[in-house]
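Novice: Sharing my_file06.cif, mmCIF, C-alpha atoms:
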```
data_entry
#
loop_
_atom_site.label_atom_id
_atom_site.label_comp_id
_atom_site.auth_asym_id
_atom_site.auth_seq_id
_atom_site.Cartn_x
_atom_site.Cartn_y
_atom_site.Cartn_z
CA ILE A 1 -48.76 70.68 45.05
CA PHE A 2 -45.78 72.18 43.26
CA ALA A 3 -43.37 69.96 45.22
CA PHE A 4 -45.51 66.95 44.43
CA LEU A 5 -45.36 67.68 40.68
CA VAL A 6 -41.57 68.14 40.72
CA CYS A 7 -41.13 64.82 42.50
CA ALA A 8 -43.38 63.00 39.98
CA ILE A 9 -41.46 64.45 37.04
CA ASN A 10 -38.11 63.39 38.53
CA LEU A 11 -39.36 59.86 39.09
CA SER A 12 -40.59 59.64 35.49
CA LEU A 13 -37.26 60.84 34.12
CA LEU A 14 -35.36 58.33 36.28
CA ALA A 15 -37.50 55.44 35.08
CA ARG A 16 -36.98 56.45 31.46
CA ARG A 17 -33.20 56.62 31.86
CA THR A 18 -33.18 53.17 33.45
CA MET A 19 -35.11 51.67 30.50
CA ILE A 20 -32.78 53.26 27.96
CA SER A 21 -29.68 52.10 29.83
CA THR A 22 -31.01 48.54 30.12
CA SER A 23 -31.96 48.31 26.43
CA SER A 24 -28.48 49.47 25.33
CA ILE A 25 -26.72 46.56 27.03
CA SER A 26 -25.70 43.91 24.45
CA PRO A 27 -27.00 40.42 25.17
CA ALA A 28 -24.47 37.88 26.41
CA PRO A 29 -23.05 35.77 23.59
CA SER A 30 -24.59 32.34 23.27
CA LEU A 31 -22.44 29.43 24.34
CA GLU A 32 -24.09 27.19 21.78
CA VAL A 33 -22.41 26.86 18.39
CA PRO A 34 -24.73 26.30 15.44
CA ASN A 35 -24.40 22.82 13.96
CA GLU A 36 -23.22 24.13 10.64
CA GLU A 37 -20.31 25.95 12.32
CA ILE A 38 -18.96 22.92 14.15
CA SER A 39 -15.85 21.87 12.23
CA SER A 40 -15.41 18.12 11.82
CA PRO A 41 -11.96 16.60 12.38
CA PRO A 42 -9.79 16.37 9.25
CA ARG A 43 -10.23 13.17 7.24
CA ILE A 44 -7.36 10.83 7.89
CA GLU A 45 -6.80 8.38 5.07
CA SER A 46 -6.27 4.90 6.43
CA CYS A 47 -2.83 3.43 5.90
CA LEU A 48 -4.34 -0.05 6.16
CA GLN A 49 -6.87 0.34 3.35
CA ALA A 50 -6.25 0.52 -0.38
CA ARG A 51 -7.33 3.72 -2.12
CA LYS A 52 -9.88 3.11 -4.86
CA ASP A 53 -10.76 6.65 -5.91
CA ILE A 54 -7.88 7.38 -8.29
CA LEU A 55 -8.42 7.48 -12.04
CA TYR A 56 -5.61 6.08 -14.19
CA GLY A 57 -4.61 6.70 -17.76
CA ASN A 58 -2.37 4.45 -19.82
CA LEU A 59 0.04 2.87 -17.34
CA SER A 60 3.60 2.26 -18.48
CA LEU A 61 6.03 -0.59 -17.94
CA PRO A 62 7.68 -1.88 -15.92
CA PHE A 63 5.13 -2.82 -13.28
CA VAL A 64 6.94 -2.95 -9.92
CA ASN A 65 5.44 -4.38 -6.74
CA LEU A 66 6.28 -2.32 -3.64
CA GLY A 67 4.38 -4.62 -1.29
CA PHE A 68 5.58 -7.11 1.31
CA PRO A 69 5.97 -10.89 1.14
CA LYS A 70 2.82 -12.91 1.86
CA MET A 71 0.72 -10.14 0.38
CA GLY A 72 -0.13 -11.58 -3.01
CA THR A 73 3.25 -11.43 -4.74
CA SER A 74 2.62 -14.68 -6.63
CA SER A 75 -0.91 -13.57 -7.53
CA ILE A 76 0.47 -10.38 -9.04
CA GLN A 77 3.07 -12.30 -11.04
CA SER A 78 0.48 -14.79 -12.27
CA PHE A 79 -2.02 -12.11 -13.24
CA PHE A 80 0.40 -10.31 -15.53
CA GLY A 81 2.04 -13.54 -16.69
CA CYS A 82 -1.31 -15.04 -17.61
CA ALA A 83 -2.09 -11.92 -19.62
CA GLY A 84 1.18 -12.24 -21.56
CA TYR A 85 3.73 -10.05 -19.76
CA ARG A 86 7.17 -11.37 -18.86
CA SER A 87 6.98 -11.58 -15.08
CA LEU A 88 9.64 -12.22 -12.47
CA HIS A 89 9.06 -13.38 -8.90
CA TYR A 90 11.78 -13.33 -6.23
CA ARG A 91 14.50 -14.35 -8.71
CA CYS A 92 15.62 -12.06 -11.50
CA GLU A 93 17.93 -14.69 -12.99
CA LYS A 94 17.90 -18.43 -12.44
CA SER A 95 20.74 -18.24 -9.93
CA THR A 96 20.31 -14.63 -8.78
CA LEU A 97 17.76 -13.19 -6.40
CA CYS A 98 16.24 -9.85 -7.39
CA ALA A 99 17.47 -8.40 -4.10
CA GLU A 100 21.06 -9.36 -5.02
CA CYS A 101 21.15 -7.80 -8.49
CA ILE A 102 19.35 -4.70 -7.20
CA VAL A 103 22.06 -4.17 -4.58
CA GLU A 104 24.75 -4.68 -7.24
CA SER A 105 23.11 -2.08 -9.47
CA PHE A 106 22.82 0.43 -6.64
CA GLN A 107 26.43 -0.03 -5.55
CA ALA A 108 27.53 0.58 -9.14
CA GLY A 109 25.61 3.86 -9.20
CA GLU A 110 23.06 2.52 -11.69
CA PRO A 111 19.23 2.36 -11.63
CA PRO A 112 18.12 -0.45 -9.27
CA LEU A 113 17.06 -2.95 -11.96
CA LYS A 114 19.93 -2.28 -14.37
CA ARG A 115 21.78 -5.54 -13.60
CA CYS A 116 18.68 -7.65 -13.17
CA GLY A 117 16.94 -9.75 -15.79
CA LYS A 118 14.85 -7.69 -18.18
CA ALA A 119 11.15 -8.07 -17.51
CA ASP A 120 7.81 -6.32 -17.71
CA VAL A 121 6.84 -7.16 -14.15
CA TYR A 122 8.83 -7.46 -10.91
CA SER A 123 6.38 -9.02 -8.47
CA GLN A 124 8.71 -9.63 -5.51
CA MET A 125 12.05 -7.92 -4.99
CA ASP A 126 12.86 -8.54 -1.32
CA GLY A 127 15.18 -11.41 -0.52
CA THR A 128 18.34 -12.49 1.24
CA THR A 129 21.60 -10.62 0.72
CA ASN A 130 24.63 -11.24 2.93
CA LYS A 131 22.57 -13.79 4.91
CA GLU A 132 20.00 -11.15 5.89
CA LEU A 133 16.63 -10.10 4.53
CA TYR A 134 16.79 -6.97 2.39
CA PHE A 135 13.83 -4.89 1.21
CA PRO A 136 14.73 -2.79 -1.87
CA GLN A 137 11.17 -1.44 -1.94
CA ILE A 138 11.95 0.26 1.37
CA GLU A 139 15.65 1.02 1.32
CA LEU A 140 15.76 2.17 -2.32
CA LEU A 141 12.26 3.55 -2.82
CA GLU A 142 13.47 6.97 -3.98
CA GLU A 143 15.95 5.36 -6.38
CA PHE A 144 13.15 3.32 -8.00
CA VAL A 145 10.90 6.33 -8.45
CA GLU A 146 13.69 8.52 -9.84
CA GLY A 147 15.36 5.78 -11.88
CA TYR A 148 12.14 4.71 -13.58
CA PRO A 149 10.08 7.89 -14.04
CA ASN A 150 7.45 6.15 -16.18
CA ALA A 151 7.14 2.92 -14.18
CA THR A 152 3.89 1.82 -12.57
CA PHE A 153 4.08 0.78 -8.93
CA VAL A 154 1.69 -1.67 -7.28
CA LEU A 155 0.96 -1.64 -3.55
CA PRO A 156 -1.09 -4.62 -2.29
CA PHE A 157 -3.04 -4.68 0.99
CA ARG A 158 -4.61 -7.45 3.06
CA SER A 159 -5.98 -7.97 6.54
CA MET A 160 -3.24 -7.36 9.12
CA ASP A 161 -4.54 -10.27 11.21
CA ARG A 162 -4.15 -12.69 8.29
CA TRP A 163 -0.83 -11.26 7.19
CA TYR A 164 0.57 -11.56 10.70
CA HIS A 165 -0.68 -15.15 10.85
CA SER A 166 1.02 -15.85 7.52
CA ILE A 167 4.43 -14.49 8.41
CA SER A 168 4.25 -16.21 11.82
CA ASN A 169 3.77 -19.62 10.17
CA TRP A 170 5.81 -19.37 6.98
CA PRO A 171 7.45 -21.49 5.79
CA PRO A 172 5.42 -24.47 7.03
CA SER A 173 7.66 -26.88 8.89
CA ASP A 174 7.48 -29.30 11.80
CA ASN A 175 11.02 -28.37 12.80
CA VAL A 176 10.74 -26.08 15.84
CA TYR A 177 14.23 -24.73 15.10
CA HIS A 178 13.21 -23.56 11.62
CA LEU A 179 12.94 -19.75 11.65
CA LYS A 180 9.66 -18.30 10.47
CA LEU A 181 9.43 -15.25 8.26
CA LYS A 182 8.39 -13.10 11.23
CA ASP A 183 11.57 -14.08 13.08
CA ARG A 184 13.75 -13.34 10.07
CA LEU A 185 12.10 -9.95 9.66
CA GLN A 186 12.91 -9.10 13.25
CA MET A 187 16.51 -10.20 12.86
CA ALA A 188 17.03 -8.07 9.77
CA ASN A 189 18.03 -4.43 9.74
CA ILE A 190 14.96 -3.07 7.94
CA THR A 191 14.11 0.62 8.06
CA GLY A 192 10.88 1.12 10.00
CA LEU A 193 10.92 -2.22 11.83
CA PRO A 194 12.64 -2.19 15.23
CA SER A 195 14.83 -5.27 15.61
CA TRP A 196 13.66 -7.54 18.42
CA LYS A 197 11.66 -4.77 20.08
CA GLY A 198 8.31 -6.47 19.79
CA ASP A 199 6.73 -9.19 17.75
CA SER A 200 3.08 -8.27 18.20
CA LEU A 201 0.42 -7.72 15.58
CA GLN A 202 0.53 -4.02 16.45
CA THR A 203 4.29 -3.84 15.80
CA PHE A 204 3.95 -5.27 12.31
CA SER A 205 0.81 -3.26 11.57
CA ASP A 206 2.74 -0.09 12.41
CA PHE A 207 5.60 -1.29 10.22
CA PHE A 208 3.30 -1.76 7.23
CA CYS A 209 1.45 1.48 7.92
CA GLY A 210 4.71 3.43 7.94
CA HIS A 211 5.68 1.93 4.60
CA VAL A 212 2.33 2.79 3.04
CA GLN A 213 2.52 6.40 4.22
CA ARG A 214 6.03 6.79 2.83
CA VAL A 215 5.09 5.24 -0.52
CA ARG A 216 2.14 7.61 -0.83
CA GLU A 217 4.39 10.56 -0.12
CA ILE A 218 7.03 9.63 -2.69
CA VAL A 219 5.20 7.90 -5.56
CA PRO A 220 2.92 10.13 -7.70
CA PRO A 221 -0.71 9.00 -7.24
CA HIS A 222 -1.28 8.41 -10.97
CA ARG A 223 1.61 5.92 -10.97
CA LEU A 224 0.59 4.04 -7.81
CA VAL A 225 -2.03 1.28 -7.99
CA GLU A 226 -3.28 0.12 -4.60
CA ILE A 227 -5.18 -3.18 -4.41
CA ASP A 228 -6.75 -5.27 -1.65
CA ILE A 229 -5.96 -8.88 -2.53
CA GLU A 230 -8.84 -10.11 -0.35
CA ASP A 231 -11.46 -7.86 -1.92
CA PRO A 232 -13.82 -9.81 -4.22
CA ILE A 233 -13.85 -6.95 -6.74
CA THR A 234 -10.05 -6.93 -7.16
CA SER A 235 -10.21 -9.04 -10.32
CA SER A 236 -12.49 -6.51 -12.03
CA ARG A 237 -10.43 -3.56 -10.72
CA MET A 238 -7.22 -5.05 -12.08
CA ALA A 239 -8.91 -5.70 -15.41
CA ASP A 240 -10.19 -2.11 -15.59
CA ILE A 241 -6.95 -0.47 -14.47
CA PHE A 242 -4.55 -2.50 -16.64
CA ASP A 243 -6.95 -3.33 -19.49
CA LEU A 244 -6.31 -7.06 -19.08
CA ASP A 245 -8.44 -10.20 -18.89
CA GLU A 246 -10.23 -10.40 -15.53
CA GLU A 247 -9.97 -14.19 -15.60
CA CYS A 248 -6.20 -13.93 -15.12
CA TRP A 249 -6.61 -12.84 -11.50
CA GLY A 250 -6.54 -15.81 -9.11
CA GLN A 251 -4.38 -18.05 -11.32
CA ALA A 252 -1.65 -18.42 -8.69
CA VAL A 253 -1.32 -21.70 -6.85
CA ASN A 254 -1.78 -21.35 -3.12
CA VAL A 255 1.39 -23.12 -2.02
CA ASN A 256 0.24 -23.12 1.60
CA ALA A 257 -3.50 -23.67 1.39
CA LYS A 258 -3.83 -24.63 5.06
CA LEU A 259 -2.55 -21.22 6.08
CA HIS A 260 -4.51 -19.30 3.45
CA PRO A 261 -7.90 -20.96 2.97
CA GLU A 262 -9.39 -17.53 2.28
CA LEU A 263 -7.14 -17.15 -0.78
CA ASN A 264 -7.42 -20.71 -2.05
CA GLN A 265 -8.52 -19.98 -5.62
CA THR A 266 -6.01 -22.22 -7.35
CA LYS A 267 -6.45 -22.68 -11.08
CA GLY A 268 -2.96 -23.15 -12.51
CA GLY A 269 0.28 -25.03 -12.00
CA PRO A 270 3.28 -24.50 -9.69
CA ILE A 271 4.65 -20.98 -9.32
CA GLU A 272 7.93 -20.50 -11.18
CA TRP A 273 10.43 -17.71 -10.76
CA PHE A 274 9.54 -16.25 -14.17
CA ILE A 275 6.77 -16.41 -16.76
CA ARG A 276 7.77 -15.91 -20.37
CA GLY A 277 6.22 -12.95 -22.13
CA LYS A 278 4.17 -13.09 -25.32
CA ILE A 279 3.71 -10.83 -28.29
CA MET A 280 -0.05 -10.74 -27.86
CA LEU A 281 -1.82 -9.96 -24.61
CA ARG A 282 -5.09 -11.20 -23.16
CA GLY A 283 -6.83 -7.85 -23.02
CA LYS A 284 -10.02 -6.99 -21.22
CA ASN A 285 -11.93 -6.98 -24.50
CA GLY A 286 -9.94 -9.59 -26.38
CA VAL A 287 -6.44 -10.25 -27.70
CA MET A 288 -4.26 -7.20 -28.29
CA ARG A 289 -0.64 -6.45 -29.16
CA ARG A 290 1.58 -5.72 -26.16
CA ARG A 291 3.27 -2.36 -25.62
CA MET A 292 7.06 -2.25 -25.96
CA ASP A 293 7.74 0.71 -23.66
CA LEU A 294 10.34 -0.62 -21.25
#
```
Output the file's structure as structure tokens, nothing else.
Specialist:
Amino acid sequence: IFAFLVCAINLSLLARRTMISTSSISPAPSLEVPNEEISSPPRIESCLQARKDILYGNLSLPFVNLGFPKMGTSSIQSFFGCAGYRSLHYRCEKSTLCAECIVESFQAGEPPLKRCGKADVYSQMDGTTNKELYFPQIELLEEFVEGYPNATFVLPFRSMDRWYHSISNWPPSDNVYHLKLKDRLQMANITGLPSWKGDSLQTFSDFFCGHVQRVREIVPPHRLVEIDIEDPITSSRMADIFDLDEECWGQAVNVNAKLHPELNQTKGGPIEWFIRGKIMLRGKNGVMRRRMDL
């Protein structure tokens, strides 16, 4: 009997130890991560879409377009010209391209527009120098931002498919030996565009994307106005941002309507290289006196 009792007690103690040991073991960590702890990938701002979430104060002159040809340069000139600002497009003097006088200014150690015609708006600056396309908005971007600390810069966007179609067919000509804008771009020595290393939509989309990213890095956000020229609300955005008459957007003549039916909103006459400025402006809420802050 005594031996039986000792054996029972030992078995009870062993069972108790086993329970305590088992309960002290920490449970294996769960492999499932709660939904709230799953971190989403960082938001990457598209380089092919205009930003519309920036609030602007009073924007100062001059207004300088940093965009590419066939991306609404004439529409930008006409918008500001219609409102009453002196606007230049491609030429800064009757016999001088903007690209030419910008190069002259830079070589003389002066701000890029110093030797160009005085204006409120420079809607297209790229052009031919030394028989080759030159893009001041790329090659001299830092000089523009530093040389004109109060200037407002405009960066237009449009569908890459339509832009590529435009540069592949401009200028319109039945002469098969006539170089298109796309060919001239490839022949030029432009930073960010590899010469003759591809003429695909992707190549030119990457080229534009690289330019947009660089502009966003260098130009302060409150001085950079990004617009989508194909967006139906662009007229109201331009009116709100610049405090000008909304009706002035879309005044440009579509000089190649067959190539750009989507932008065929012609209301005015032929595009000229400059539009004379006026003392009074067509403001968003009526006529107002223009600012003289060049």
Novice: Please evaluate the PyMOL selection byres ((chain A and resi 229) around 7) against the displayed coordinates and give the resulting residues as number ranges by chain.
Specialist: A: 72, 156-158, 227-228, 230-231, 234
Novice: For the PyMOL selection byres ((chain A and resi 101-106) around 10), applied here, can you spell out every residue it catches as a compact mmCIF listing (two decimals) with C-alpha atoms, in the frame of the given file?
Specialist:
```
# COMPACT_ATOMS: atom_id res chain seq x y z
CA ARG A 91 14.50 -14.35 -8.71
CA CYS A 92 15.62 -12.06 -11.50
CA GLU A 93 17.93 -14.69 -12.99
CA THR A 96 20.31 -14.63 -8.78
CA LEU A 97 17.76 -13.19 -6.40
CA CYS A 98 16.24 -9.85 -7.39
CA ALA A 99 17.47 -8.40 -4.10
CA GLU A 100 21.06 -9.36 -5.02
CA GLN A 107 26.43 -0.03 -5.55
CA ALA A 108 27.53 0.58 -9.14
CA GLY A 109 25.61 3.86 -9.20
CA GLU A 110 23.06 2.52 -11.69
CA PRO A 111 19.23 2.36 -11.63
CA PRO A 112 18.12 -0.45 -9.27
CA LEU A 113 17.06 -2.95 -11.96
CA LYS A 114 19.93 -2.28 -14.37
CA ARG A 115 21.78 -5.54 -13.60
CA CYS A 116 18.68 -7.65 -13.17
CA GLY A 117 16.94 -9.75 -15.79
CA MET A 125 12.05 -7.92 -4.99
CA ASP A 126 12.86 -8.54 -1.32
CA THR A 129 21.60 -10.62 0.72
CA TYR A 134 16.79 -6.97 2.39
CA PRO A 136 14.73 -2.79 -1.87
CA LEU A 140 15.76 2.17 -2.32
CA GLU A 143 15.95 5.36 -6.38
```
Novice: Given the point (2.9, -9.0, 17.0) in the file's coordinates, find the residues that have an atom at most 10 Å from it, counting all atoms listed in the file, and give them as number ranges by chain.
Specialist: A: 161, 164-165, 168, 182, 198-205
Novice: Quick check, in Å to one decimal: how far apart do atom CA of A:Glu226 and atom CA of A:Leu281 lie?
Specialist: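 That distance, rounded to one decimal, is 22.5 Å.
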Novice: Evaluate the PyMOL selection byres ((chain A and resi 80) around 9) and record the selected residues as a PDB file with C-alpha atoms, keeping the file's coordinate frame, following the chain and residue labels used in the document.
Specialist:
```pdb
ATOM      1  CA  SER A  75      -0.910 -13.570  -7.530  1.00  0.00           C
ATOM      2  CA  ILE A  76       0.470 -10.380  -9.040  1.00  0.00           C
ATOM      3  CA  GLN A  77       3.070 -12.300 -11.040  1.00  0.00           C
ATOM      4  CA  SER A  78       0.480 -14.790 -12.270  1.00  0.00           C
ATOM      5  CA  PHE A  79      -2.020 -12.110 -13.240  1.00  0.00           C
ATOM      6  CA  GLY A  81       2.040 -13.540 -16.690  1.00  0.00           C
ATOM      7  CA  CYS A  82      -1.310 -15.040 -17.610  1.00  0.00           C
ATOM      8  CA  ALA A  83      -2.090 -11.920 -19.620  1.00  0.00           C
ATOM      9  CA  GLY A  84       1.180 -12.240 -21.560  1.00  0.00           C
ATOM     10  CA  TYR A  85       3.730 -10.050 -19.760  1.00  0.00           C
ATOM     11  CA  ARG A  86       7.170 -11.370 -18.860  1.00  0.00           C
ATOM     12  CA  SER A  87       6.980 -11.580 -15.080  1.00  0.00           C
ATOM     13  CA  ASP A 120       7.810  -6.320 -17.710  1.00  0.00           C
ATOM     14  CA  VAL A 121       6.840  -7.160 -14.150  1.00  0.00           C
ATOM     15  CA  LEU A 244      -6.310  -7.060 -19.080  1.00  0.00           C
ATOM     16  CA  CYS A 248      -6.200 -13.930 -15.120  1.00  0.00           C
ATOM     17  CA  TRP A 249      -6.610 -12.840 -11.500  1.00  0.00           C
ATOM     18  CA  ILE A 275       6.770 -16.410 -16.760  1.00  0.00           C
TER      19      ILE A 275
END
```
Novice: Let me have the centre and edge lengths of the axis-aligned box enclosing all listed atoms of stretch 155-159 of chain A with 4 Å padding on every side, in Å to one decimal, as lines of an AutoDock Vina configuration file.
Specialist:
```
center_x = -2.5
center_y = -4.8
center_z = 1.5
size_x = 14.9
size_y = 14.3
size_z = 18.1
```
Novice: Go through A:Pro220, A:Asp240, A:Leu181, A:Tyr56 one by one, measure the shortest atom-to-atom distance of each to A:Glu146 using only C-alpha atoms, and give the residue with the smallest value.
Specialist: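 Smallest distance to A:Glu146 is found for A:Pro220.
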Novice: Counting all atoms listed in the file, what is within 9 Å of A:Pro62, bar same-chain residues fewer than 6 positions away, as a list in words?
Specialist: Ala119, Asp120, Val121, Tyr122, Tyr148, Asn150, Ala151, Thr152, Phe153, Asp293 and Leu294 of chain A
Novice: Select, from A:Val212, A:Met238, A:Ala188, A:Met71, the residue with the minimum atom-to-atom distance to A:Trp163, counting all atoms listed in the file.
Specialist: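 When distances to A:Trp163 are compared using all atoms listed in the file, the smallest one comes from A:Met71.
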Novice: Applying 12 Å and all atoms listed in the file, which residues near A:Leu179 remain after dropping the ones on its own chain fewer than 5 positions away? List them as a ChimeraX atom specification.
Specialist: /A:167-174,184-187
Novice: Write the residues of the preceding selection, restricted to C-alpha atoms, as an mmCIF file, in the frame of the given file.
Specialist:
```
data_model
loop_
_atom_site.group_PDB
_atom_site.id
_atom_site.type_symbol
_atom_site.label_atom_id
_atom_site.label_comp_id
_atom_site.auth_asym_id
_atom_site.auth_seq_id
_atom_site.Cartn_x
_atom_site.Cartn_y
_atom_site.Cartn_z
ATOM 1 C CA ILE A 167 4.430 -14.490 8.410
ATOM 2 C CA SER A 168 4.250 -16.210 11.820
ATOM 3 C CA ASN A 169 3.770 -19.620 10.170
ATOM 4 C CA TRP A 170 5.810 -19.370 6.980
ATOM 5 C CA PRO A 171 7.450 -21.490 5.790
ATOM 6 C CA PRO A 172 5.420 -24.470 7.030
ATOM 7 C CA SER A 173 7.660 -26.880 8.890
ATOM 8 C CA ASP A 174 7.480 -29.300 11.800
ATOM 9 C CA ARG A 184 13.750 -13.340 10.070
ATOM 10 C CA LEU A 185 12.100 -9.950 9.660
ATOM 11 C CA GLN A 186 12.910 -9.100 13.250
ATOM 12 C CA MET A 187 16.510 -10.200 12.860
#
```
Novice: Looking at all atoms listed in the file, which of A:Glu247, A:Asp53, A:Asp183, A:Glu142 is the one that sits closest to A:Gly283?
Specialist: A:Glu247
Novice: Out of A:Trp273, A:Gln124, A:Asp245, A:Pro232, which residue has the shortest atom-to-atom distance to A:Val287 when counting all atoms listed in the file?
Specialist: A:Asp245
Novice: From the set A:Ile190, A:Met280, A:Ala50, A:Leu61, which residue has the shortest atom-to-atom contact distance to A:Leu133, counting only C-alpha atoms?
Specialist: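 For A:Leu133, the nearest of the given residues is A:Ile190.
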Novice: Using atom CA of A:Phe242 and atom CA of A:Val215 as the two end points, give the distance in Å to one decimal.
Specialist: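 That distance, rounded to one decimal, is 20.3 Å.
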Novice: How many Å separate atom CA of A:Val225 from atom CA of A:Ile241?
Specialist: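 Separation of atom CA of A:Val225 and atom CA of A:Ile241: 8.3 Å.
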